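Structure file query-v1.cif (mmCIF, C-alpha atoms) follows.
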```
data_coords
#
loop_
_atom_site.label_atom_id
_atom_site.label_comp_id
_atom_site.auth_asym_id
_atom_site.auth_seq_id
_atom_site.Cartn_x
_atom_site.Cartn_y
_atom_site.Cartn_z
CA MET R 1 -3.23 -7.65 25.77
CA ASP R 2 -3.60 -10.03 22.84
CA ASN R 3 -2.64 -13.54 24.01
CA LYS R 4 -3.64 -15.34 20.82
CA ILE R 5 -1.41 -18.28 19.97
CA ASP R 6 0.15 -18.36 16.52
CA ASP R 7 -1.39 -21.54 15.10
CA SER R 8 0.89 -21.36 12.06
CA ARG R 9 3.93 -22.35 14.11
CA GLU R 10 4.76 -26.04 14.18
CA LYS R 11 4.87 -27.58 17.65
CA ALA R 12 8.17 -29.38 18.02
CA VAL R 13 9.89 -31.69 20.46
CA LEU R 14 13.68 -31.86 20.50
CA VAL R 15 15.38 -35.24 20.87
CA GLY R 16 19.05 -35.81 21.62
CA VAL R 17 21.55 -38.43 22.70
CA ILE R 18 23.86 -37.22 25.47
CA ILE R 19 27.33 -38.73 25.09
CA ASN R 20 29.38 -35.93 26.69
CA ASP R 21 28.89 -32.60 28.47
CA ASP R 22 29.01 -30.64 25.22
CA ASP R 23 25.84 -32.42 24.05
CA ASN R 24 23.82 -30.65 26.78
CA GLU R 25 24.94 -27.25 25.48
CA SER R 26 24.29 -28.48 21.95
CA MET R 27 20.67 -29.19 22.92
CA ASP R 28 20.29 -25.59 24.14
CA GLU R 29 21.58 -24.45 20.79
CA LEU R 30 19.18 -26.79 18.98
CA LYS R 31 16.33 -25.01 20.74
CA GLU R 32 17.60 -21.67 19.40
CA LEU R 33 17.87 -23.14 15.92
CA ALA R 34 14.33 -24.51 16.06
CA GLU R 35 12.92 -21.18 17.22
CA THR R 36 14.91 -19.37 14.53
CA ALA R 37 13.28 -21.67 11.96
CA GLY R 38 9.85 -20.74 13.33
CA ALA R 39 8.99 -23.74 15.54
CA GLU R 40 7.35 -23.62 18.94
CA VAL R 41 9.46 -25.90 21.15
CA VAL R 42 7.14 -27.59 23.66
CA GLY R 43 9.42 -30.35 24.91
CA ILE R 44 13.00 -31.62 25.10
CA MET R 45 13.80 -35.31 25.47
CA THR R 46 17.33 -36.62 25.98
CA GLN R 47 18.90 -39.99 26.62
CA SER R 48 22.36 -40.71 28.00
CA ARG R 49 24.08 -43.38 25.90
CA SER R 50 27.61 -44.35 24.91
CA ASN R 51 26.58 -44.01 21.25
CA VAL R 52 23.48 -43.46 19.12
CA ASP R 53 21.22 -46.34 18.13
CA ARG R 54 21.88 -47.19 14.47
CA THR R 55 18.27 -48.15 13.85
CA SER R 56 16.19 -45.59 15.71
CA TYR R 57 18.74 -43.09 17.11
CA ILE R 58 17.38 -43.28 20.69
CA GLY R 59 16.48 -46.95 21.06
CA LYS R 60 13.14 -48.78 21.21
CA GLY R 61 12.29 -47.95 24.84
CA LYS R 62 12.81 -44.23 24.39
CA LEU R 63 10.94 -44.38 21.10
CA ILE R 64 7.83 -45.64 22.92
CA GLU R 65 8.14 -42.77 25.39
CA LEU R 66 8.50 -40.33 22.49
CA LYS R 67 5.38 -41.75 20.84
CA GLN R 68 3.34 -41.16 24.00
CA PHE R 69 4.63 -37.61 24.34
CA VAL R 70 3.90 -36.54 20.75
CA ASP R 71 0.38 -38.00 20.96
CA ASN R 72 -0.41 -36.36 24.30
CA MET R 73 1.00 -32.96 23.29
CA ASP R 74 -0.25 -33.02 19.70
CA ILE R 75 3.28 -32.53 18.35
CA ASP R 76 3.79 -31.74 14.64
CA LEU R 77 7.53 -32.19 14.37
CA VAL R 78 10.42 -34.09 15.99
CA ILE R 79 13.91 -32.61 15.64
CA ALA R 80 16.96 -34.79 16.34
CA ASN R 81 20.19 -33.19 17.53
CA ASP R 82 22.41 -35.25 15.24
CA GLU R 83 22.52 -36.04 11.55
CA LEU R 84 20.31 -39.08 10.85
CA SER R 85 20.38 -41.59 8.03
CA GLY R 86 17.37 -42.08 5.79
CA ASN R 87 16.59 -45.38 7.51
CA GLN R 88 16.74 -43.82 10.98
CA ILE R 89 14.31 -41.08 9.92
CA LYS R 90 12.01 -43.65 8.31
CA ASN R 91 12.03 -45.92 11.40
CA ILE R 92 11.29 -43.07 13.81
CA GLU R 93 8.51 -41.68 11.64
CA GLU R 94 6.86 -45.08 11.28
CA ALA R 95 6.99 -45.57 15.06
CA ILE R 96 5.54 -42.18 16.06
CA ASN R 97 3.60 -41.15 12.93
CA ARG R 98 5.11 -37.65 12.93
CA LYS R 99 7.47 -35.73 10.68
CA VAL R 100 11.12 -36.11 11.73
CA ILE R 101 14.06 -33.93 10.71
CA ASP R 102 17.63 -33.80 12.00
CA ARG R 103 19.95 -30.97 13.00
CA THR R 104 21.47 -30.77 9.53
CA SER R 105 18.09 -30.46 7.83
CA LEU R 106 17.10 -27.77 10.32
CA ILE R 107 20.25 -25.72 9.63
CA LEU R 108 19.75 -26.11 5.89
CA ASP R 109 16.17 -24.88 6.32
CA ILE R 110 17.40 -21.74 8.10
CA PHE R 111 20.05 -21.15 5.43
CA ALA R 112 17.38 -21.49 2.73
CA LYS R 113 15.33 -18.83 4.52
CA ARG R 114 18.28 -16.47 4.98
CA ALA R 115 19.98 -16.72 1.56
CA LYS R 116 19.21 -13.66 -0.58
CA SER R 117 21.90 -13.51 -3.25
CA ALA R 118 21.96 -15.74 -6.32
CA GLU R 119 25.19 -17.34 -5.10
CA GLY R 120 23.81 -17.92 -1.62
CA MET R 121 20.67 -19.60 -2.93
CA LEU R 122 22.71 -21.85 -5.24
CA GLN R 123 25.01 -22.83 -2.35
CA VAL R 124 22.04 -23.73 -0.16
CA GLU R 125 20.36 -25.72 -2.92
CA LEU R 126 23.56 -27.65 -3.56
CA ALA R 127 23.90 -28.52 0.13
CA GLN R 128 20.23 -29.58 0.31
CA LEU R 129 20.54 -31.85 -2.73
CA LYS R 130 23.76 -33.48 -1.48
CA TYR R 131 22.08 -34.06 1.88
CA ARG R 132 18.92 -35.56 0.40
CA LEU R 133 20.41 -37.75 -2.33
CA PRO R 134 21.75 -40.56 -0.08
CA ARG R 135 18.51 -40.50 1.95
CA LEU R 136 16.11 -41.17 -0.92
CA GLN R 137 16.09 -44.94 -0.37
CA GLY R 138 15.44 -44.74 3.35
CA LEU R 139 12.69 -42.22 2.81
CA GLY R 140 10.93 -44.28 0.18
CA ASN R 141 12.01 -42.07 -2.73
CA ASP R 142 9.37 -39.52 -1.78
CA LEU R 143 10.68 -36.67 0.33
CA SER R 144 7.77 -34.53 -0.84
CA ARG R 145 5.50 -36.52 1.54
CA LEU R 146 6.92 -34.32 4.29
CA GLY R 147 4.66 -31.56 3.05
CA GLY R 148 5.23 -27.97 4.03
CA GLY R 149 6.84 -26.55 7.13
CA ILE R 150 10.29 -26.66 8.68
CA GLY R 151 12.80 -28.83 6.89
CA THR R 152 11.18 -28.47 3.47
CA ARG R 153 12.00 -24.84 2.73
CA GLY R 154 14.10 -23.57 -0.11
CA PRO R 155 14.99 -24.49 -3.68
CA GLY R 156 15.26 -28.21 -2.97
CA GLU R 157 11.64 -28.72 -1.92
CA THR R 158 10.05 -29.62 -5.30
CA LYS R 159 9.40 -33.02 -6.88
CA LEU R 160 12.98 -33.25 -8.13
CA GLU R 161 13.81 -35.18 -4.92
CA THR R 162 12.12 -38.26 -6.37
CA ASP R 163 14.49 -38.60 -9.30
CA ARG R 164 18.09 -39.54 -8.51
CA ARG R 165 19.32 -38.90 -12.02
CA TYR R 166 17.75 -35.46 -12.14
CA ILE R 167 19.31 -34.59 -8.75
CA ARG R 168 22.77 -35.62 -9.93
CA GLU R 169 22.36 -33.54 -13.09
CA ARG R 170 21.16 -30.57 -11.03
CA ILE R 171 24.12 -30.92 -8.65
CA LYS R 172 26.51 -30.92 -11.59
CA ALA R 173 24.83 -27.83 -13.08
CA ILE R 174 24.95 -25.93 -9.77
CA GLU R 175 28.60 -26.85 -9.21
CA GLY R 176 29.35 -25.45 -12.66
CA LYS R 177 27.61 -22.17 -11.87
CA LEU R 178 29.32 -21.91 -8.49
CA GLY R 179 32.64 -22.65 -10.21
CA ASP R 180 32.11 -19.60 -12.42
CA LEU R 181 31.19 -17.49 -9.40
CA ARG R 182 34.26 -18.76 -7.59
CA LYS R 183 36.46 -17.63 -10.49
CA HIS R 184 34.83 -14.20 -10.28
CA ARG R 185 35.49 -14.09 -6.53
CA GLU R 186 39.14 -15.05 -7.14
CA LEU R 187 39.38 -12.27 -9.72
CA LEU R 188 38.16 -9.76 -7.13
CA ARG R 189 40.72 -11.08 -4.65
CA GLY R 190 43.43 -10.67 -7.28
CA ARG R 191 42.43 -7.04 -7.81
CA ARG R 192 42.62 -6.39 -4.08
CA ARG R 193 46.11 -7.89 -3.91
CA LYS R 194 47.19 -5.80 -6.92
CA ASN R 195 45.88 -2.64 -5.27
CA LYS R 196 47.79 -3.53 -2.09
CA ILE R 197 44.69 -3.04 0.07
CA PRO R 198 44.70 -5.45 3.03
CA VAL R 199 41.59 -7.56 3.52
CA VAL R 200 40.15 -7.97 7.02
CA ALA R 201 37.58 -10.76 7.47
CA ILE R 202 35.13 -10.80 10.37
CA VAL R 203 34.67 -14.36 11.65
CA GLY R 204 33.00 -15.86 14.69
CA TYR R 205 30.29 -18.02 16.12
CA THR R 206 26.82 -17.26 14.82
CA ASN R 207 25.00 -14.45 16.65
CA ALA R 208 28.20 -13.12 18.25
CA GLY R 209 27.57 -9.68 16.74
CA LYS R 210 29.57 -9.79 13.49
CA SER R 211 27.05 -7.84 11.41
CA THR R 212 26.53 -5.30 14.19
CA LEU R 213 30.29 -4.77 14.25
CA MET R 214 30.33 -4.41 10.45
CA ASN R 215 27.73 -1.66 10.73
CA ALA R 216 29.58 0.03 13.58
CA LEU R 217 32.90 0.12 11.71
CA THR R 218 31.65 1.11 8.26
CA ASP R 219 28.39 2.94 8.99
CA SER R 220 26.64 0.48 6.68
CA SER R 221 23.25 -1.18 7.00
CA VAL R 222 23.89 -4.92 7.05
CA TYR R 223 20.79 -6.74 8.32
CA VAL R 224 20.96 -7.46 12.05
CA GLU R 225 18.69 -9.68 14.15
CA ASP R 226 19.13 -11.44 17.48
CA LYS R 227 18.84 -14.88 15.88
CA LEU R 228 21.21 -17.54 14.62
CA PHE R 229 22.42 -16.99 11.03
CA ALA R 230 20.62 -13.63 10.73
CA THR R 231 22.91 -12.81 7.79
CA LEU R 232 24.21 -15.35 5.33
CA ASP R 233 25.60 -13.60 2.27
CA PRO R 234 29.05 -12.04 2.79
CA THR R 235 29.30 -8.25 2.61
CA ALA R 236 32.42 -6.26 1.66
CA ARG R 237 32.99 -2.60 2.58
CA LYS R 238 35.95 -0.23 2.40
CA LEU R 239 37.08 0.95 5.83
CA GLU R 240 39.30 3.99 6.45
CA LEU R 241 41.68 3.55 9.38
CA PRO R 242 43.01 6.24 11.76
CA SER R 243 46.21 6.51 9.68
CA GLY R 244 44.16 7.42 6.61
CA ARG R 245 44.91 4.07 4.96
CA ASP R 246 42.17 1.73 3.79
CA VAL R 247 41.28 -1.94 4.28
CA ILE R 248 38.53 -4.05 2.78
CA LEU R 249 36.29 -5.38 5.55
CA ILE R 250 34.36 -8.58 4.84
CA ASP R 251 31.56 -10.04 6.98
CA THR R 252 31.41 -13.84 6.71
CA VAL R 253 28.82 -16.50 7.58
CA GLY R 254 28.74 -17.52 11.24
CA PHE R 255 30.07 -20.85 12.49
CA ILE R 256 28.22 -23.32 14.70
CA ARG R 257 28.64 -26.74 16.36
CA LYS R 258 28.24 -29.65 13.98
CA LEU R 259 28.23 -27.37 10.93
CA PRO R 260 27.01 -29.74 8.19
CA HIS R 261 29.80 -31.03 5.95
CA ASP R 262 27.77 -30.48 2.78
CA LEU R 263 27.15 -26.90 3.84
CA VAL R 264 30.86 -26.28 4.39
CA GLU R 265 31.64 -27.73 0.96
CA SER R 266 28.88 -25.75 -0.77
CA PHE R 267 29.90 -22.49 0.90
CA LYS R 268 33.61 -23.11 0.42
CA SER R 269 34.20 -20.11 -1.85
CA THR R 270 32.43 -17.87 0.67
CA LEU R 271 34.16 -19.35 3.70
CA GLU R 272 37.51 -19.06 1.92
CA GLU R 273 37.28 -15.29 2.34
CA SER R 274 38.82 -16.10 5.72
CA LYS R 275 41.62 -18.10 4.09
CA TYR R 276 42.63 -15.30 1.74
CA ALA R 277 42.23 -12.43 4.19
CA ASP R 278 45.28 -10.66 5.60
CA VAL R 279 43.77 -10.24 9.08
CA LEU R 280 40.93 -11.98 10.92
CA LEU R 281 38.66 -10.30 13.46
CA HIS R 282 37.36 -13.13 15.65
CA VAL R 283 34.19 -11.71 17.22
CA ILE R 284 33.40 -13.42 20.53
CA ASP R 285 30.26 -12.95 22.62
CA ILE R 286 31.86 -12.42 26.02
CA THR R 287 28.52 -13.03 27.77
CA SER R 288 28.15 -16.56 26.35
CA LYS R 289 28.09 -19.26 29.03
CA ASP R 290 30.05 -21.70 26.83
CA ILE R 291 32.48 -19.16 25.44
CA LYS R 292 35.49 -21.52 25.55
CA HIS R 293 33.83 -24.17 23.42
CA LYS R 294 32.53 -21.62 20.90
CA ILE R 295 36.05 -20.26 20.48
CA GLU R 296 37.25 -23.83 19.86
CA VAL R 297 34.53 -24.38 17.23
CA VAL R 298 35.61 -21.27 15.31
CA GLU R 299 39.29 -22.18 15.57
CA ASN R 300 38.58 -25.71 14.31
CA VAL R 301 36.69 -24.39 11.26
CA LEU R 302 39.51 -21.92 10.56
CA ARG R 303 41.97 -24.79 10.84
CA ASP R 304 39.96 -26.81 8.31
CA LEU R 305 40.00 -23.79 5.98
CA GLU R 306 43.78 -23.45 6.47
CA ALA R 307 43.25 -19.95 7.88
CA ILE R 308 44.26 -20.51 11.51
CA ASP R 309 47.78 -19.08 11.03
CA LYS R 310 46.51 -15.67 9.94
CA PRO R 311 47.04 -12.66 12.22
CA ILE R 312 43.97 -12.72 14.48
CA ILE R 313 42.51 -9.98 16.65
CA ASN R 314 40.11 -11.40 19.25
CA VAL R 315 37.23 -8.94 19.58
CA TYR R 316 35.22 -9.52 22.76
CA ASN R 317 31.80 -8.09 22.00
CA LYS R 318 28.99 -7.12 24.43
CA SER R 319 31.62 -6.11 27.02
CA ASP R 320 29.31 -3.34 28.22
CA LEU R 321 27.29 -6.05 29.95
CA LEU R 322 30.22 -6.95 32.24
CA GLU R 323 30.66 -5.43 35.68
CA TYR R 324 33.86 -3.74 34.50
CA MET R 325 35.62 -3.28 31.17
CA PRO R 326 38.79 -5.44 30.90
CA VAL R 327 42.07 -3.92 29.74
CA ASN R 328 42.86 -4.25 26.04
CA LYS R 329 45.95 -6.12 24.86
CA ASP R 330 47.66 -6.17 21.46
CA ASN R 331 45.39 -8.85 20.02
CA GLU R 332 42.51 -8.71 22.53
CA ILE R 333 40.10 -5.80 22.24
CA TYR R 334 36.97 -5.39 24.38
CA ILE R 335 34.07 -3.61 22.72
CA SER R 336 30.33 -3.17 22.48
CA ALA R 337 29.43 -2.92 18.80
CA LYS R 338 25.85 -2.01 19.64
CA GLU R 339 26.84 0.82 22.02
CA MET R 340 29.88 1.90 19.95
CA ILE R 341 32.23 1.31 22.89
CA GLY R 342 35.88 0.48 22.12
CA ILE R 343 35.54 1.04 18.36
CA ASP R 344 38.40 3.57 18.19
CA GLU R 345 40.72 1.17 19.98
CA LEU R 346 39.73 -1.62 17.60
CA LEU R 347 40.43 0.57 14.56
CA LYS R 348 43.90 1.32 15.90
CA ALA R 349 44.54 -2.39 16.45
CA ILE R 350 43.42 -3.19 12.88
CA ASP R 351 45.70 -0.43 11.59
CA ASN R 352 48.69 -1.80 13.49
CA VAL R 353 48.17 -5.41 12.41
CA ALA R 354 47.02 -4.89 8.80
CA TYR R 355 49.91 -2.56 7.99
CA LYS R 356 52.54 -4.17 10.17
CA ASP R 357 54.70 -5.15 7.20
CA LEU R 358 53.70 -2.28 4.91
CA PHE R 359 55.40 1.12 4.72
CA VAL R 360 54.38 4.47 3.25
CA LEU R 361 57.53 5.98 1.76
CA ASP R 362 58.66 8.72 -0.63
CA PHE R 363 60.83 7.67 -3.58
CA TYR R 364 62.65 9.68 -6.20
CA PHE R 365 63.58 8.16 -9.58
CA PRO R 366 65.75 9.98 -12.13
CA TYR R 367 64.37 9.53 -15.62
CA ASN R 368 67.21 7.15 -16.50
CA LYS R 369 66.02 4.71 -13.77
CA ASN R 370 62.92 3.65 -15.65
CA ARG R 371 63.29 -0.06 -14.77
CA GLU R 372 63.23 0.65 -11.01
CA TYR R 373 60.35 3.09 -11.46
CA LEU R 374 58.28 0.49 -13.32
CA PHE R 375 59.10 -2.12 -10.65
CA LEU R 376 57.64 0.16 -7.98
CA LYS R 377 54.54 0.83 -10.12
CA ARG R 378 53.91 -2.91 -10.53
CA ASN R 379 54.55 -3.92 -6.93
CA SER R 380 53.11 -1.16 -4.78
CA LYS R 381 50.12 1.06 -4.23
CA ILE R 382 50.88 4.51 -5.60
CA LEU R 383 49.50 7.26 -3.39
CA LYS R 384 50.96 10.33 -5.09
CA GLU R 385 53.09 11.02 -8.15
CA GLU R 386 54.88 14.27 -9.12
CA TYR R 387 57.23 15.15 -11.99
CA ASP R 388 60.05 17.68 -12.27
CA GLU R 389 62.78 18.39 -14.81
CA LYS R 390 65.07 15.64 -13.46
CA GLY R 391 62.79 12.79 -12.39
CA ILE R 392 59.69 11.47 -10.66
CA LYS R 393 58.76 11.75 -6.99
CA ILE R 394 56.39 9.05 -5.78
CA LYS R 395 54.68 8.40 -2.46
CA ALA R 396 53.86 4.69 -2.32
CA GLN R 397 52.78 1.94 0.03
CA VAL R 398 55.29 -0.90 -0.20
CA GLY R 399 56.15 -4.17 1.45
CA ALA R 400 59.38 -4.99 3.22
CA ALA R 401 60.85 -6.71 0.15
CA GLU R 402 60.15 -3.75 -2.16
CA LYS R 403 61.50 -1.35 0.47
CA ASN R 404 64.76 -3.30 0.59
CA ILE R 405 65.14 -3.56 -3.21
CA LEU R 406 64.50 0.16 -3.75
CA ARG R 407 66.24 1.45 -0.62
CA ASP R 408 68.63 3.64 -2.70
CA PHE R 409 65.67 5.63 -4.03
CA ILE R 410 64.01 6.37 -0.70
CA ILE R 411 64.08 10.07 0.16
CA SER R 412 62.19 9.98 3.48
#
```

In structure tokens, how does this file's structure come out?
Amino acid sequence: MDNKIDDSREKAVLVGVIINDDDNESMDELKELAETAGAEVVGIMTQSRSNVDRTSYIGKGKLIELKQFVDNMDIDLVIANDELSGNQIKNIEEAINRKVIDRTSLILDIFAKRAKSAEGMLQVELAQLKYRLPRLQGLGNDLSRLGGGIGTRGPGETKLETDRRYIRERIKAIEGKLGDLRKHRELLRGRRRKNKIPVVAIVGYTNAGKSTLMNALTDSSVYVEDKLFATLDPTARKLELPSGRDVILIDTVGFIRKLPHDLVESFKSTLEESKYADVLLHVIDITSKDIKHKIEVVENVLRDLEAIDKPIINVYNKSDLLEYMPVNKDNEIYISAKEMIGIDELLKAIDNVAYKDLFVLDFYFPYNKNREYLFLKRNSKILKEEYDEKGIKIKAQVGAAEKNILRDFIIS
């Protein structure tokens, strides 16, 4: 067996301030994030405090202890569990003579690694620049001194960090490009609404199995890996339901504790897929030890996006790992996306919710009722159209309002 150590991995120690119970779980998640970014976590150091130290995050005494640890263990990198100011990073680095990054920088680094589309890479770069701009002064106007490795990946890693004016100009240029892409995304949404095809967005905490579910439902090949933020760019696929009707299924970026504000703003057009969807599939890892808090994190993000009032189907994934399979309810479906368990029941639930207020009906319009005929054409999805000597027979998918207005022309 080859037991060679990968010397290319940076040795990291995680540092966090514990203010409440959630911070302990957040530290566990920080370890996953660090390993996802490629670090070898060799130590975790925490300190219970009522608040973080404004100067050095963990206080002078703990800083001395940290210095001893990084020297003894030959640590390359220190990762803080909260977002730090430029001065805090500078003070810690001067005290321990090691590279320091915070949770936000770590997440941005992972996003930079995962982004594949042009839009995704622009969104990440914008978030990186907005994060780095206010920290230039504290970091001595030279972020490039950090060198390579975790926290320096992606489009924001060049010398442009040293020039405030250039950064502001670059931010403005990226926002313009993303504005154009946002208009294109809105155009696509408009086409979907016109075609009367409901949109179903898959949301959930990162690594809950959203992409695996996307593949299971649509027989597609979205990239899947057992790591945080394995997929970043949203994917849209047409999905045929048991009734024969279609929906557009969209896989969105995963949520996480302390999701950086700049990242939320940069990815707003992508995250808004949830806002404009007709139905949300909230994928939940039922085996997670902090399942309640992860559900709250997702609900809080949806609330910020003004999407919390959408019809939501809670999809409890990895249920095959339980001792017994719970009973499904109207908006609670238990599945295993990996093992294809419960998929048929989920499809039926999507069908019931997505088409709750839509009806497939047959209409007949005499040729002298052209105004009503054109109204149906503009405000419904036409499934079939036939002509005879007296008029037009149409099978169409309509909403409740259209059904009521055209009730005199319904023939079945």

(message) For the PyMOL selection byres ((chain R and resi 261-278) around 9), applied here, can you spell out every residue it catches as number ranges by chain?
(response) R: 104, 108, 120, 122-128, 130-131, 175, 178-179, 181-182, 185-186, 189, 198-203, 233-234, 250, 252-253, 258-260, 279-280, 302, 305-308, 310-311, 354

Filtering to C-alpha atoms, could you give me those residues as a tab-separated table (two decimals), in the frame of the given file?
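Listed below is the output, part35.tsv:
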```tsv
chain	number	residue	atom	x	y	z
R	104	THR	CA	21.47	-30.77	9.53
R	108	LEU	CA	19.75	-26.11	5.89
R	120	GLY	CA	23.81	-17.92	-1.62
R	122	LEU	CA	22.71	-21.85	-5.24
R	123	GLN	CA	25.01	-22.83	-2.35
R	124	VAL	CA	22.04	-23.73	-0.16
R	125	GLU	CA	20.36	-25.72	-2.92
R	126	LEU	CA	23.56	-27.65	-3.56
R	127	ALA	CA	23.90	-28.52	0.13
R	128	GLN	CA	20.23	-29.58	0.31
R	130	LYS	CA	23.76	-33.48	-1.48
R	131	TYR	CA	22.08	-34.06	1.88
R	175	GLU	CA	28.60	-26.85	-9.21
R	178	LEU	CA	29.32	-21.91	-8.49
R	179	GLY	CA	32.64	-22.65	-10.21
R	181	LEU	CA	31.19	-17.49	-9.40
R	182	ARG	CA	34.26	-18.76	-7.59
R	185	ARG	CA	35.49	-14.09	-6.53
R	186	GLU	CA	39.14	-15.05	-7.14
R	189	ARG	CA	40.72	-11.08	-4.65
R	198	PRO	CA	44.70	-5.45	3.03
R	199	VAL	CA	41.59	-7.56	3.52
R	200	VAL	CA	40.15	-7.97	7.02
R	201	ALA	CA	37.58	-10.76	7.47
R	202	ILE	CA	35.13	-10.80	10.37
R	203	VAL	CA	34.67	-14.36	11.65
R	233	ASP	CA	25.60	-13.60	2.27
R	234	PRO	CA	29.05	-12.04	2.79
R	250	ILE	CA	34.36	-8.58	4.84
R	252	THR	CA	31.41	-13.84	6.71
R	253	VAL	CA	28.82	-16.50	7.58
R	258	LYS	CA	28.24	-29.65	13.98
R	259	LEU	CA	28.23	-27.37	10.93
R	260	PRO	CA	27.01	-29.74	8.19
R	279	VAL	CA	43.77	-10.24	9.08
R	280	LEU	CA	40.93	-11.98	10.92
R	302	LEU	CA	39.51	-21.92	10.56
R	305	LEU	CA	40.00	-23.79	5.98
R	306	GLU	CA	43.78	-23.45	6.47
R	307	ALA	CA	43.25	-19.95	7.88
R	308	ILE	CA	44.26	-20.51	11.51
R	310	LYS	CA	46.51	-15.67	9.94
R	311	PRO	CA	47.04	-12.66	12.22
R	354	ALA	CA	47.02	-4.89	8.80
```

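Closest to Gly254 (chain R) among R:Tyr373, R:Val353, R:Arg54, R:Ile107 is R:Ile107, based on all atoms listed in the file.
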
(request) Could you check how far CA of Ser50 (chain R) sits from CA of Leu63 (chain R), in Å to one decimal? (result) 17.1 Å

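Across R:Ala112, R:Ile256, R:Met121, R:Ile405, the tightest approach to Ile295 (chain R) is made by R:Ile256 when counting only C-alpha atoms.
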
(request) Could you tell me which of R:Glu323, R:Asp351, R:Asp23, R:Asp357 comes closest to Ser243 (chain R) if we count only C-alpha atoms? (result) R:Asp351

(request) Report the distance between CA of Leu213 (chain R) and CA of Lys338 (chain R) in Å, rounded to one decimal place. (result) 7.5 Å

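Interatomic distance, CA of Glu372 (chain R) to CA of Phe359 (chain R): 17.6 Å.
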
(request) Identify which of the residues R:Asp362, R:Asp163, R:Asp408, R:Glu10 lies closest to Ala396 (chain R), counting only C-alpha atoms when measuring atom-to-atom distances. (result) R:Asp362

(request) Find, counting all atoms listed in the file, the residue in R:Glu385, R:Glu29, R:Asp219, R:Glu35 that gets nearest to Ala337 (chain R). (result) R:Asp219

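If you measure from each of R:Phe363, R:Glu389, R:Val17, R:Leu33 to Lys377 (chain R) using only C-alpha atoms, the closest one turns out to be R:Phe363.
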
Under the PyMOL selection byres ((chain R and resi 87) around 9), which residues of this model are included? Write them out as a PDB file with C-alpha atoms, keeping the file's coordinate frame.
```pdb
ATOM      1  CA  ARG R  54      21.880 -47.190  14.470  1.00  0.00           C
ATOM      2  CA  THR R  55      18.270 -48.150  13.850  1.00  0.00           C
ATOM      3  CA  SER R  56      16.190 -45.590  15.710  1.00  0.00           C
ATOM      4  CA  LEU R  84      20.310 -39.080  10.850  1.00  0.00           C
ATOM      5  CA  SER R  85      20.380 -41.590   8.030  1.00  0.00           C
ATOM      6  CA  GLY R  86      17.370 -42.080   5.790  1.00  0.00           C
ATOM      7  CA  GLN R  88      16.740 -43.820  10.980  1.00  0.00           C
ATOM      8  CA  ILE R  89      14.310 -41.080   9.920  1.00  0.00           C
ATOM      9  CA  LYS R  90      12.010 -43.650   8.310  1.00  0.00           C
ATOM     10  CA  ASN R  91      12.030 -45.920  11.400  1.00  0.00           C
ATOM     11  CA  ILE R  92      11.290 -43.070  13.810  1.00  0.00           C
ATOM     12  CA  ARG R 135      18.510 -40.500   1.950  1.00  0.00           C
ATOM     13  CA  GLN R 137      16.090 -44.940  -0.370  1.00  0.00           C
ATOM     14  CA  GLY R 138      15.440 -44.740   3.350  1.00  0.00           C
ATOM     15  CA  LEU R 139      12.690 -42.220   2.810  1.00  0.00           C
TER      16      LEU R 139
END
```

Hey, could you pull the box centre and edge lengths for region 7-17 of chain R, axis-aligned, 4 Å padding per side, all listed atoms, to one decimal in Å, as AutoDock Vina command-line options?
```
--center_x 10.1 --center_y -29.9 --center_z 17.4 --size_x 30.9 --size_y 25.1 --size_z 18.6
```

(request) Show which residues sit within 10 Å of Tyr387 (chain R), as a list in words. Count all atoms listed in the file, and ignore same-chain residues fewer than 6 positions away. (result) Tyr364, Phe365, Pro366, Tyr367, Lys393 and Ile394 of chain R

(request) Find the spatial neighbours of Val41 (chain R), counting all atoms listed in the file, within a cut-off of 9 Å - ignore same-chain residues fewer than 6 positions away - and output them as a ChimeraX atom specification. (result) /R:10-14,31,34-35
